[in-house]
file target27.tsv (TSV, C-alpha atoms)
chain	number	residue	atom	x	y	z
A	1	MET	CA	46.04	31.96	-14.87
A	2	LYS	CA	46.62	32.88	-18.51
A	3	GLN	CA	44.24	30.10	-19.65
A	4	ILE	CA	41.53	31.35	-17.24
A	5	TYR	CA	41.93	34.92	-18.53
A	6	THR	CA	41.76	33.76	-22.17
A	7	LYS	CA	38.60	31.77	-21.46
A	8	LEU	CA	37.00	34.74	-19.73
A	9	MET	CA	37.77	37.10	-22.63
A	10	ALA	CA	36.28	34.60	-25.10
A	11	LEU	CA	33.08	34.30	-23.06
A	12	VAL	CA	32.73	38.06	-22.76
A	13	ALA	CA	33.29	38.51	-26.49
A	14	MET	CA	30.63	35.89	-27.22
A	15	PHE	CA	28.26	37.71	-24.92
A	16	LEU	CA	28.85	41.20	-26.21
A	17	LEU	CA	28.61	40.42	-29.89
A	18	ALA	CA	26.71	37.19	-30.31
A	19	GLY	CA	26.12	35.83	-33.79
A	20	ALA	CA	22.63	35.63	-35.24
A	21	ASN	CA	22.22	32.07	-34.06
A	22	ALA	CA	23.33	32.40	-30.42
A	23	TRP	CA	22.37	34.62	-27.51
A	24	ALA	CA	25.35	33.50	-25.35
A	25	VAL	CA	23.96	35.56	-22.45
A	26	SER	CA	23.01	32.62	-20.25
A	27	THR	CA	26.56	31.29	-20.47
A	28	TRP	CA	27.98	34.66	-19.49
A	29	GLN	CA	25.57	35.04	-16.58
A	30	ALA	CA	26.32	31.59	-15.25
A	31	TYR	CA	30.05	32.20	-15.42
A	32	LEU	CA	29.85	35.52	-13.52
A	33	SER	CA	27.34	34.43	-10.91
A	34	GLY	CA	28.76	35.06	-7.46
A	35	GLN	CA	32.17	36.15	-8.80
A	36	THR	CA	34.06	39.43	-9.13
A	37	VAL	CA	35.88	39.92	-12.41
A	38	SER	CA	37.41	42.79	-14.35
A	39	ILE	CA	37.05	43.40	-18.10
A	40	THR	CA	38.99	45.98	-20.09
A	41	LEU	CA	37.86	47.02	-23.58
A	42	THR	CA	40.14	49.06	-25.82
A	43	GLY	CA	39.36	52.05	-28.02
A	44	SER	CA	40.22	50.34	-31.32
A	45	TYR	CA	37.81	48.37	-33.48
A	46	GLU	CA	37.92	44.60	-33.03
A	47	ASN	CA	36.33	41.81	-35.07
A	48	LYS	CA	34.17	39.53	-32.95
A	49	PHE	CA	33.93	35.97	-34.28
A	50	THR	CA	31.59	35.57	-37.26
A	51	ALA	CA	29.00	38.16	-36.28
A	52	ASN	CA	30.03	40.50	-39.15
A	53	LEU	CA	30.26	43.26	-36.60
A	54	GLN	CA	33.09	45.26	-35.11
A	55	ALA	CA	33.05	47.13	-31.81
A	56	LYS	CA	35.01	49.55	-29.69
A	57	VAL	CA	34.59	51.86	-26.71
A	58	ASN	CA	36.03	55.34	-27.11
A	59	SER	CA	38.36	54.73	-24.20
A	60	GLY	CA	39.28	51.62	-22.26
A	61	PHE	CA	37.39	50.97	-19.05
A	62	THR	CA	37.36	48.42	-16.30
A	63	TYR	CA	34.19	46.62	-15.21
A	64	SER	CA	33.93	45.10	-11.77
A	65	HIS	CA	30.90	42.87	-11.36
A	66	SER	CA	30.64	43.53	-7.63
A	67	GLY	CA	28.60	46.48	-6.42
A	68	THR	CA	26.29	46.64	-9.46
A	69	ASN	CA	23.09	45.80	-7.59
A	70	GLY	CA	22.68	42.56	-9.48
A	71	LEU	CA	22.63	44.23	-12.90
A	72	VAL	CA	23.83	41.97	-15.68
A	73	GLY	CA	25.56	43.49	-18.67
A	74	VAL	CA	28.56	45.54	-19.70
A	75	PRO	CA	28.09	49.07	-18.28
A	76	ILE	CA	28.59	52.03	-20.60
A	77	THR	CA	28.54	55.54	-19.15
A	78	SER	CA	27.40	58.64	-20.99
A	79	SER	CA	31.04	59.72	-21.28
A	80	ASN	CA	32.28	56.33	-22.46
A	81	LYS	CA	30.36	55.53	-25.65
A	82	LEU	CA	29.99	52.17	-27.36
A	83	TYR	CA	30.66	52.14	-31.12
A	84	LEU	CA	29.47	49.40	-33.49
A	85	LYS	CA	30.49	48.96	-37.12
A	86	PRO	CA	28.81	46.18	-39.20
A	87	THR	CA	30.77	44.69	-42.09
A	88	THR	CA	27.60	43.59	-43.93
A	89	ASP	CA	24.13	45.08	-44.26
A	90	GLY	CA	21.22	43.73	-42.24
A	91	TYR	CA	19.90	44.52	-38.75
A	92	LEU	CA	21.34	45.28	-35.36
A	93	GLN	CA	19.50	44.42	-32.15
A	94	VAL	CA	20.64	45.88	-28.85
A	95	ARG	CA	19.19	45.04	-25.44
A	96	LEU	CA	19.82	47.50	-22.61
A	97	ALA	CA	19.11	47.82	-18.89
A	98	CYS	CA	19.67	50.48	-16.25
A	99	ALA	CA	19.41	50.81	-12.49
A	100	GLU	CA	15.88	50.77	-11.11
A	101	GLY	CA	14.54	54.27	-10.60
A	102	SER	CA	17.18	55.74	-12.91
A	103	PRO	CA	15.60	55.77	-16.38
A	104	LEU	CA	17.58	57.32	-19.20
A	105	THR	CA	17.40	57.68	-22.96
A	106	VAL	CA	19.93	55.98	-25.22
A	107	THR	CA	20.14	57.23	-28.81
A	108	ILE	CA	21.83	55.33	-31.64
A	109	HIS	CA	23.52	57.74	-34.04
A	110	ASP	CA	24.92	56.96	-37.49
A	111	ASN	CA	28.19	58.91	-37.52
A	112	THR	CA	28.76	58.15	-41.20
A	113	VAL	CA	25.74	60.18	-42.32
A	114	ASN	CA	25.44	62.20	-39.09
A	115	GLN	CA	21.86	61.37	-38.15
A	116	ASP	CA	20.00	59.60	-35.35
A	117	VAL	CA	18.55	56.25	-36.40
A	118	ALA	CA	16.90	55.04	-33.19
A	119	SER	CA	16.16	55.97	-29.61
A	120	VAL	CA	15.10	53.84	-26.64
A	121	ASN	CA	13.87	54.85	-23.20
A	122	VAL	CA	15.62	52.48	-20.80
A	123	VAL	CA	13.46	52.12	-17.72
A	124	THR	CA	13.74	48.47	-16.66
A	125	ALA	CA	16.26	47.19	-14.14
A	126	THR	CA	17.80	43.73	-14.34
A	127	THR	CA	17.83	42.71	-10.70
A	128	ASN	CA	18.00	38.95	-11.17
A	129	LYS	CA	21.00	37.49	-12.98
A	130	THR	CA	18.99	34.43	-14.02
A	131	GLU	CA	16.65	36.59	-16.10
A	132	ILE	CA	17.20	38.39	-19.38
A	133	ARG	CA	15.36	41.67	-19.06
A	134	GLY	CA	15.70	45.18	-20.38
A	135	GLU	CA	14.67	47.38	-23.28
A	136	THR	CA	15.44	46.42	-26.88
A	137	VAL	CA	15.97	48.42	-30.04
A	138	LEU	CA	16.28	47.08	-33.58
A	139	ILE	CA	17.74	49.10	-36.46
A	140	GLU	CA	18.54	48.47	-40.11
A	141	VAL	CA	22.25	48.97	-40.71
A	142	GLU	CA	24.59	49.46	-43.66
A	143	PRO	CA	28.10	48.03	-44.00
A	144	ASP	CA	31.02	50.11	-42.73
A	145	HIS	CA	28.76	52.74	-41.17
A	146	GLU	CA	29.76	53.70	-37.64
A	147	TYR	CA	26.92	53.57	-35.09
A	148	VAL	CA	27.43	55.07	-31.65
A	149	LEU	CA	25.24	54.59	-28.56
A	150	ASN	CA	24.77	57.89	-26.72
A	151	ALA	CA	23.33	57.92	-23.20
A	152	SER	CA	21.49	61.00	-21.98
A	153	SER	CA	23.13	60.62	-18.57
A	154	GLY	CA	24.28	58.00	-16.09
A	155	THR	CA	25.15	54.39	-16.89
A	156	TYR	CA	23.31	51.78	-18.91
A	157	TYR	CA	24.12	48.09	-19.20
A	158	VAL	CA	24.50	46.41	-22.60
A	159	THR	CA	22.91	43.01	-22.15
A	160	VAL	CA	22.93	41.80	-25.78
A	161	VAL	CA	24.22	43.03	-29.11
A	162	THR	CA	23.24	40.80	-32.04
A	163	LYS	CA	23.85	41.26	-35.76
A	164	PHE	CA	21.26	39.80	-38.15
A	165	GLU	CA	21.76	39.39	-41.89
A	166	ASN	CA	19.14	40.14	-44.56
A	167	SER	CA	18.70	36.38	-44.97
A	168	ASP	CA	17.30	36.33	-41.42
A	169	VAL	CA	14.27	38.45	-42.43
A	170	THR	CA	10.71	37.34	-43.23
A	171	GLU	CA	8.81	40.01	-45.19
A	172	ILE	CA	5.02	40.46	-45.08
A	173	SER	CA	3.05	42.97	-47.13
A	174	GLU	CA	-0.37	44.53	-46.55
A	175	GLU	CA	-1.11	43.62	-50.18
A	176	GLN	CA	-0.74	39.87	-49.59
A	177	THR	CA	-3.70	37.52	-49.31
A	178	PRO	CA	-4.40	35.78	-46.00
A	179	GLU	CA	-3.09	32.56	-47.55
A	180	ASP	CA	0.21	34.23	-48.52
A	181	VAL	CA	0.63	35.71	-45.04
A	182	GLN	CA	-0.15	32.34	-43.46
A	183	THR	CA	2.42	30.65	-45.69
A	184	ALA	CA	5.08	33.25	-44.87
A	185	VAL	CA	4.44	32.98	-41.15
A	186	GLY	CA	4.02	29.21	-41.16
A	187	SER	CA	7.33	28.61	-42.88
A	188	ASN	CA	9.07	31.25	-40.79
A	189	ASN	CA	12.20	30.10	-39.04
A	190	LYS	CA	13.91	33.46	-39.20
A	191	VAL	CA	14.51	36.01	-36.49
A	192	ILE	CA	13.25	39.29	-37.99
A	193	VAL	CA	9.77	40.12	-39.29
A	194	LYS	CA	9.48	43.08	-41.67
A	195	MET	CA	5.90	44.24	-42.25
A	196	HIS	CA	5.15	46.61	-45.11
A	197	ARG	CA	2.17	48.48	-43.67
A	198	VAL	CA	1.20	52.11	-44.27
A	199	LEU	CA	0.09	53.97	-41.12
A	200	THR	CA	-1.16	57.55	-41.38
A	201	ALA	CA	-0.12	60.08	-38.74
A	202	GLY	CA	-2.72	61.94	-36.70
A	203	ILE	CA	-5.70	59.67	-37.41
A	204	TRP	CA	-6.95	56.38	-35.99
A	205	ASN	CA	-5.67	53.29	-37.80
A	206	THR	CA	-6.72	49.70	-37.24
A	207	PHE	CA	-3.82	47.31	-36.79
A	208	SER	CA	-3.13	43.61	-36.36
A	209	SER	CA	0.17	41.76	-36.41
A	210	PRO	CA	1.29	38.11	-36.58
A	211	ILE	CA	3.93	38.91	-33.94
A	212	LYS	CA	3.68	40.32	-30.42
A	213	LEU	CA	4.88	43.93	-30.04
A	214	GLY	CA	6.01	45.42	-26.74
A	215	ILE	CA	5.93	49.07	-25.75
A	216	ASN	CA	9.31	49.89	-27.28
A	217	ALA	CA	8.30	48.42	-30.64
A	218	ILE	CA	5.00	50.32	-30.44
A	219	ARG	CA	6.90	53.55	-29.83
A	220	ALA	CA	9.80	53.01	-32.21
A	221	GLU	CA	8.10	51.17	-35.08
A	222	LEU	CA	4.44	52.25	-34.91
A	223	LYS	CA	5.30	55.79	-33.74
A	224	CYS	CA	2.65	55.55	-30.99
A	225	ASN	CA	2.78	56.01	-27.23
A	226	GLU	CA	0.26	53.22	-26.76
A	227	ALA	CA	-2.34	51.07	-28.48
A	228	TYR	CA	-6.04	50.55	-27.66
A	229	GLU	CA	-7.97	47.29	-27.51
A	230	MET	CA	-11.74	46.90	-27.65
A	231	GLN	CA	-13.37	45.79	-24.40
A	232	THR	CA	-15.52	42.64	-24.26
A	233	THR	CA	-18.22	44.84	-22.73
A	234	GLY	CA	-17.32	47.73	-25.00
A	235	TYR	CA	-20.26	48.01	-27.40
A	236	ASN	CA	-23.19	50.01	-26.08
A	237	ALA	CA	-26.06	49.48	-28.51
A	238	SER	CA	-28.16	52.16	-26.77
A	239	ASN	CA	-25.81	55.10	-27.21
A	240	HIS	CA	-23.98	53.58	-30.19
A	241	THR	CA	-20.46	53.69	-28.71
A	242	ILE	CA	-17.50	51.31	-28.60
A	243	THR	CA	-15.12	51.57	-25.63
A	244	PHE	CA	-11.40	50.91	-26.05
A	245	LYS	CA	-8.86	50.58	-23.25
A	246	ARG	CA	-5.22	51.56	-23.34
A	247	THR	CA	-2.58	48.83	-23.56
A	248	GLU	CA	1.19	48.83	-23.88
A	249	VAL	CA	1.36	45.38	-25.51
A	250	ILE	CA	0.01	44.32	-28.90
A	251	GLU	CA	-0.62	40.59	-28.79
A	252	ALA	CA	-0.18	38.55	-31.97
A	253	ASN	CA	-3.29	38.08	-34.15
A	254	LYS	CA	-5.52	40.51	-32.19
A	255	PRO	CA	-7.13	43.75	-33.47
A	256	TYR	CA	-6.16	47.20	-32.14
A	257	LEU	CA	-6.60	50.91	-32.73
A	258	ILE	CA	-3.54	53.14	-32.91
A	259	LYS	CA	-2.86	56.79	-33.75
A	260	PRO	CA	0.74	57.35	-34.93
A	261	THR	CA	2.48	60.70	-34.53
A	262	GLU	CA	4.41	60.10	-37.78
A	263	ASP	CA	3.62	58.36	-41.05
A	264	VAL	CA	4.89	54.76	-41.17
A	265	SER	CA	5.54	52.49	-44.14
A	266	VAL	CA	7.69	49.66	-42.75
A	267	ILE	CA	7.58	47.92	-39.35
A	268	THR	CA	10.61	45.79	-38.42
A	269	VAL	CA	10.66	43.72	-35.23
A	270	SER	CA	12.59	40.83	-33.73
A	271	ASN	CA	10.99	37.42	-33.90
A	272	ARG	CA	13.43	35.59	-31.62
A	273	SER	CA	11.61	35.76	-28.28
A	274	ASN	CA	8.09	36.15	-29.76
A	275	PRO	CA	7.60	33.71	-32.65
A	276	ALA	CA	5.22	34.85	-35.37
A	277	SER	CA	1.97	32.92	-35.83
A	278	TYR	CA	-1.14	33.08	-38.02
A	279	ASN	CA	-4.39	32.86	-36.09
A	280	PRO	CA	-6.62	35.94	-36.71
A	281	GLN	CA	-8.82	36.66	-33.71
A	282	SER	CA	-11.73	38.93	-32.85
A	283	VAL	CA	-13.22	40.66	-29.82
A	284	THR	CA	-17.02	40.55	-29.51
A	285	SER	CA	-19.42	42.62	-27.42
A	286	ASN	CA	-23.23	42.60	-27.66
A	287	GLY	CA	-23.13	41.14	-31.16
A	288	LEU	CA	-20.49	43.57	-32.48
A	289	SER	CA	-17.10	42.13	-33.39
A	290	PHE	CA	-13.72	43.77	-33.96
A	291	VAL	CA	-11.92	41.37	-36.31
A	292	ALA	CA	-8.22	41.10	-37.14
A	293	ALA	CA	-7.39	40.87	-40.86
A	294	LEU	CA	-3.74	39.85	-41.26
A	295	GLY	CA	-4.11	39.53	-45.03
A	296	ALA	CA	-6.07	41.54	-47.59
A	297	THR	CA	-9.73	40.63	-46.96
A	298	ASN	CA	-12.90	41.15	-48.98
A	299	ILE	CA	-15.52	42.43	-46.53
A	300	TYR	CA	-18.21	43.39	-49.05
A	301	THR	CA	-21.48	41.51	-48.52
A	302	THR	CA	-24.60	41.53	-50.68
A	303	GLY	CA	-27.95	41.34	-48.95
A	304	ASP	CA	-26.40	40.54	-45.59
A	305	ALA	CA	-29.34	40.66	-43.19
A	306	ASN	CA	-27.30	39.82	-40.13
A	307	SER	CA	-24.36	42.22	-40.12
A	308	THR	CA	-22.60	45.15	-41.73
A	309	LYS	CA	-18.83	45.25	-42.05
A	310	LEU	CA	-17.13	48.60	-41.52
A	311	PHE	CA	-13.51	49.76	-41.76
A	312	LEU	CA	-11.49	52.90	-41.10
A	313	ASN	CA	-10.54	54.57	-44.36
A	314	LYS	CA	-7.39	56.57	-45.08
A	315	SER	CA	-9.04	59.68	-43.66
A	316	GLY	CA	-9.78	57.95	-40.37
A	317	LYS	CA	-13.53	57.73	-41.01
A	318	LEU	CA	-15.55	54.61	-40.34
A	319	VAL	CA	-17.08	53.51	-43.65
A	320	TYR	CA	-18.47	50.42	-45.35
A	321	PRO	CA	-17.77	49.16	-48.88
A	322	THR	CA	-20.67	49.54	-51.28
A	323	SER	CA	-19.23	47.75	-54.26
A	324	ASN	CA	-17.36	44.57	-55.07
A	325	GLU	CA	-15.89	45.96	-58.27
A	326	GLY	CA	-12.12	45.64	-58.49
A	327	ASN	CA	-10.72	45.99	-54.99
A	328	LYS	CA	-13.43	48.29	-53.65
A	329	GLY	CA	-14.72	45.63	-51.30
A	330	THR	CA	-11.29	44.57	-50.03
A	331	ILE	CA	-9.36	46.06	-47.14
A	332	LYS	CA	-5.59	45.63	-47.04
A	333	GLY	CA	-3.89	43.33	-44.56
A	334	LEU	CA	-2.36	43.98	-41.12
A	335	ARG	CA	-5.60	45.80	-40.28
A	336	ALA	CA	-8.97	45.04	-38.68
A	337	TYR	CA	-12.64	45.68	-39.37
A	338	PHE	CA	-15.91	45.95	-37.44
A	339	GLN	CA	-18.79	43.55	-37.95
A	340	ILE	CA	-21.95	45.23	-36.67
A	341	PRO	CA	-25.24	43.39	-36.05
A	342	SER	CA	-28.27	44.16	-38.16
A	343	GLY	CA	-29.79	47.46	-37.07
A	344	GLY	CA	-26.65	48.36	-35.14
A	345	LEU	CA	-24.99	51.76	-35.32
A	346	VAL	CA	-21.70	53.29	-34.21
A	347	LYS	CA	-21.45	57.02	-33.54
A	348	ASP	CA	-18.51	57.34	-31.15
A	349	PHE	CA	-15.32	55.61	-30.08
A	350	VAL	CA	-14.70	56.02	-26.35
A	351	PHE	CA	-11.16	55.68	-25.00
A	352	ASP	CA	-10.66	54.61	-21.40
A	353	ASP	CA	-7.15	55.82	-20.60
A	354	SER	CA	-6.41	54.77	-17.04
A	355	ASP	CA	-3.24	56.88	-17.00
A	356	ASP	CA	-5.09	60.04	-17.96
A	357	PRO	CA	-6.45	62.14	-15.06
A	358	THR	CA	-9.69	62.78	-16.93
A	359	GLY	CA	-10.29	59.04	-17.26
A	360	ILE	CA	-12.60	58.92	-20.29
A	361	ILE	CA	-11.77	60.52	-23.63
A	362	ARG	CA	-14.50	60.60	-26.26
A	363	VAL	CA	-13.58	60.98	-29.91
A	364	GLU	CA	-16.37	61.32	-32.46
A	365	GLN	CA	-16.30	58.82	-35.28
A	366	ASP	CA	-18.88	59.29	-38.02
A	367	ILE	CA	-20.26	56.43	-40.04
A	368	PHE	CA	-19.76	57.69	-43.58
A	369	ASN	CA	-20.60	55.83	-46.75
A	370	GLU	CA	-18.26	57.19	-49.41
A	371	ASN	CA	-20.73	56.11	-52.08
A	372	GLY	CA	-23.89	56.88	-50.14
A	373	ARG	CA	-27.05	58.06	-51.87
A	374	ILE	CA	-27.03	61.77	-52.74
A	375	TYR	CA	-30.17	63.93	-52.66
A	376	SER	CA	-30.93	67.47	-53.71
A	377	VAL	CA	-32.22	69.80	-50.98
A	378	ASP	CA	-35.78	69.17	-52.21
A	379	GLY	CA	-35.35	65.41	-51.67
A	380	ARG	CA	-34.66	64.19	-55.22
A	381	TYR	CA	-32.24	61.25	-55.49
A	382	VAL	CA	-29.42	62.24	-57.88
A	383	GLY	CA	-27.07	59.24	-57.66
A	384	ASN	CA	-24.13	58.06	-55.55
A	385	SER	CA	-21.22	60.01	-57.03
A	386	ARG	CA	-20.31	63.65	-56.48
A	387	GLU	CA	-18.71	63.83	-59.90
A	388	ASN	CA	-20.58	65.72	-62.64
A	389	LEU	CA	-23.11	67.22	-60.23
A	390	SER	CA	-24.50	70.64	-61.15
A	391	ARG	CA	-23.81	73.58	-58.89
A	392	GLY	CA	-25.99	73.55	-55.83
A	393	ILE	CA	-26.54	72.17	-52.34
A	394	TYR	CA	-26.84	68.42	-51.78
A	395	VAL	CA	-27.22	65.97	-48.90
A	396	GLN	CA	-25.20	62.77	-48.43
A	397	ASN	CA	-25.18	60.62	-45.29
A	398	GLY	CA	-27.32	63.26	-43.57
A	399	ARG	CA	-24.80	66.03	-44.26
A	400	LYS	CA	-25.05	68.96	-46.62
A	401	PHE	CA	-22.29	69.80	-49.09
A	402	ILE	CA	-21.93	72.43	-51.79
A	403	VAL	CA	-20.90	71.96	-55.40
A	404	LYS	CA	-19.54	75.24	-56.81

call {"tool": "encode", "arguments": {"input": "target27.tsv", "output": "structure tokens"}}
result
Amino acid sequence: MKQIYTKLMALVAMFLLAGANAWAVSTWQAYLSGQTVSITLTGSYENKFTANLQAKVNSGFTYSHSGTNGLVGVPITSSNKLYLKPTTDGYLQVRLACAEGSPLTVTIHDNTVNQDVASVNVVTATTNKTEIRGETVLIEVEPDHEYVLNASSGTYYVTVVTKFENSDVTEISEEQTPEDVQTAVGSNNKVIVKMHRVLTAGIWNTFSSPIKLGINAIRAELKCNEAYEMQTTGYNASNHTITFKRTEVIEANKPYLIKPTEDVSVITVSNRSNPASYNPQSVTSNGLSFVAALGATNIYTTGDANSTKLFLNKSGKLVYPTSNEGNKGTIKGLRAYFQIPSGGLVKDFVFDDSDDPTGIIRVEQDIFNENGRIYSVDGRYVGNSRENLSRGIYVQNGRKFIVK
């Protein structure tokens, strides 16, 4: 009996705090399948194998596998918090589940500096013990900081807790060339991808990623409720619109539009279940293409009779580069651009949000050439720059502006 108990405790410990190179969940599930067992965790910190992570629950509790509606995981109630303390810096990934129809919010709080570091809306039930399902959250952690998981109410089930070291991270920058990004992704055998990409809050940003992002990563890392993908029938050349449809999954290598609620500079996601890849793709409709650019890409073309390449600038306006000097013709990576057929025009983006009761949302997007030809009100061409203009009224891109 003592040997059976010791074996069970070892399996549970492997499950709860798996090292960076082992999930250990399938073993735990197989061992518990069809059985009723009890597990007691104490309120003192314990080291768990070589995961460089300690854990405790604020008071001991007993877990009986029977009567949990098939849910797999260690249950933690809102009054019985789980504490985690890493002994090295790196990243912490936690996978959670809750009973179907009983969604709740779990917040991860850094007690050492007294601030929230992550929040996840747990809405998925694990009803089949042969599957690993649930919501995941990934946070960057510091050694000897105490992180506590706080549930808004009810009970959630901790399916996986995994500690990753900094050596497990592949870093990609928006400044890198496509070749550099391809090399980084191609040689990637690590489990975390860290993308240095600036996203501006409150405006539309183009986005592409070498790794698939689910809804929780979109919310937590991109600070968006959803993303939008261009439809294959989306470009209407008659009324000059492009239609985008809401999606809660960003597939690897595809172009999207997003509008963050907060500024973003770094995006960190797990690469374990969704391996990164380099294969930039595009969506085409009626000769117009929306093209993913994973690396910094020069889209300036001279005398291009077949297409015009446009991008969203830092103000959220759709513009085209008019110079190849320096980096003026190059857009940064982890973005996308539009390739419009000769004679084509885009005036509006149309968003088909199937979850919105109004159905269609139209947002005006002006084509604006930042270096477009400038004319005086009497039609004289005065150059392409607003600098050093005399006081007066001028016209650029069909719009009047005043120099005082």

call {"tool": "atom_distance", "arguments": {"input": "target27.tsv", "atom1": "atom CA of A:Pro210", "atom2": "atom CA of A:Leu334"}}
result
8.3 Å

call {"tool": "atom_distance", "arguments": {"input": "target27.tsv", "atom1": "atom CA of A:Ser152", "atom2": "atom CA of A:Gln93"}}
result
19.6 Å

call {"tool": "closest_residue", "arguments": {"input": "target27.tsv", "among": "A:Asn52, A:Asn114, A:Asn121, A:Ser238", "to": "A:Val346", "atoms": "only C-alpha atoms"}}
result
A:Ser238

call {"tool": "closest_residue", "arguments": {"input": "target27.tsv", "among": "A:Ser376, A:Thr206, A:Asn253, A:Thr284", "to": "A:Gly392", "atoms": "only C-alpha atoms"}}
result
A:Ser376

call {"tool": "residues_near_point", "arguments": {"input": "target27.tsv", "point": "(1.8, 48.6, -22.6)", "cutoff": "9 Å", "atoms": "all atoms listed in the file", "output": "PyMOL selection string"}}
result
chain A and resi 214-216+218+225-227+246-250

call {"tool": "closest_residue", "arguments": {"input": "target27.tsv", "among": "A:Ala217, A:Ala201, A:Leu294, A:Ile76", "to": "A:Val120", "atoms": "only C-alpha atoms"}}
result
A:Ala217

call {"tool": "closest_residue", "arguments": {"input": "target27.tsv", "among": "A:Ala220, A:Leu199, A:Val160, A:Ile211", "to": "A:Ser119", "atoms": "all atoms listed in the file"}}
result
A:Ala220

call {"tool": "residues_around", "arguments": {"input": "target27.tsv", "residues": "A:Ala118", "least_positions_apart": "5", "cutoff": "12 Å", "atoms": "only C-alpha atoms", "output": "list in words"}}
result
Leu92, Gln93, Val94, Thr105, Val106, Thr107, Ile108, His109, Asp110, Thr136, Val137, Leu138, Ile139, Glu140, Val141, Tyr147, Val148, Leu149, Asn150, Asn216, Ala217, Arg219, Ala220, Glu221 and Lys223 of chain A

call {"tool": "closest_residue", "arguments": {"input": "target27.tsv", "among": "A:Val122, A:Pro275, A:Arg197, A:Ala296", "to": "A:Asn327", "atoms": "only C-alpha atoms"}}
result
A:Ala296

call {"tool": "residues_around", "arguments": {"input": "target27.tsv", "residues": "A:Thr232", "least_positions_apart": "4", "cutoff": "9 Å", "atoms": "all atoms listed in the file", "output": "PyMOL selection string"}}
result
chain A and resi 283-286

call {"tool": "atom_distance", "arguments": {"input": "target27.tsv", "atom1": "atom CA of A:Phe311", "atom2": "atom CA of A:Asp352"}}
result
21.1 Å

call {"tool": "residues_around", "arguments": {"input": "target27.tsv", "residues": "stretch 174-184 of chain A", "least_positions_apart": "6", "cutoff": "9 Å", "atoms": "only C-alpha atoms", "output": "mmCIF file with C-alpha atoms, in the coordinates of the input"}}
result
data_model
loop_
_atom_site.group_PDB
_atom_site.id
_atom_site.type_symbol
_atom_site.label_atom_id
_atom_site.label_comp_id
_atom_site.auth_asym_id
_atom_site.auth_seq_id
_atom_site.Cartn_x
_atom_site.Cartn_y
_atom_site.Cartn_z
ATOM 1 C CA MET A 195 5.900 44.240 -42.250
ATOM 2 C CA HIS A 196 5.150 46.610 -45.110
ATOM 3 C CA ARG A 197 2.170 48.480 -43.670
ATOM 4 C CA VAL A 198 1.200 52.110 -44.270
ATOM 5 C CA PRO A 210 1.290 38.110 -36.580
ATOM 6 C CA SER A 277 1.970 32.920 -35.830
ATOM 7 C CA TYR A 278 -1.140 33.080 -38.020
ATOM 8 C CA ASN A 279 -4.390 32.860 -36.090
ATOM 9 C CA ALA A 293 -7.390 40.870 -40.860
ATOM 10 C CA LEU A 294 -3.740 39.850 -41.260
ATOM 11 C CA GLY A 295 -4.110 39.530 -45.030
ATOM 12 C CA ALA A 296 -6.070 41.540 -47.590
ATOM 13 C CA THR A 297 -9.730 40.630 -46.960
ATOM 14 C CA LYS A 332 -5.590 45.630 -47.040
ATOM 15 C CA GLY A 333 -3.890 43.330 -44.560
ATOM 16 C CA LEU A 334 -2.360 43.980 -41.120
ATOM 17 C CA ARG A 335 -5.600 45.800 -40.280
#

call {"tool": "closest_residue", "arguments": {"input": "target27.tsv", "among": "A:Thr124, A:Ser289, A:Ser323, A:Ser385", "to": "A:Phe338", "atoms": "all atoms listed in the file"}}
result
A:Ser289

call {"tool": "residues_around", "arguments": {"input": "target27.tsv", "residues": "A:Glu146", "least_positions_apart": "4", "cutoff": "7 Å", "atoms": "only C-alpha atoms", "output": "number ranges by chain"}}
result
A: 83-85, 110-112

call {"tool": "residues_around", "arguments": {"input": "target27.tsv", "residues": "A:Thr308", "least_positions_apart": "2", "cutoff": "9 Å", "atoms": "only C-alpha atoms", "output": "number ranges by chain"}}
result
A: 299-301, 304-306, 310, 320, 338-344

call {"tool": "residues_near_point", "arguments": {"input": "target27.tsv", "point": "(10.4, 38.2, -36.7)", "cutoff": "7 Å", "atoms": "all atoms listed in the file", "output": "PyMOL selection string"}}
result
chain A and resi 169-170+190-193+269-272+275-276
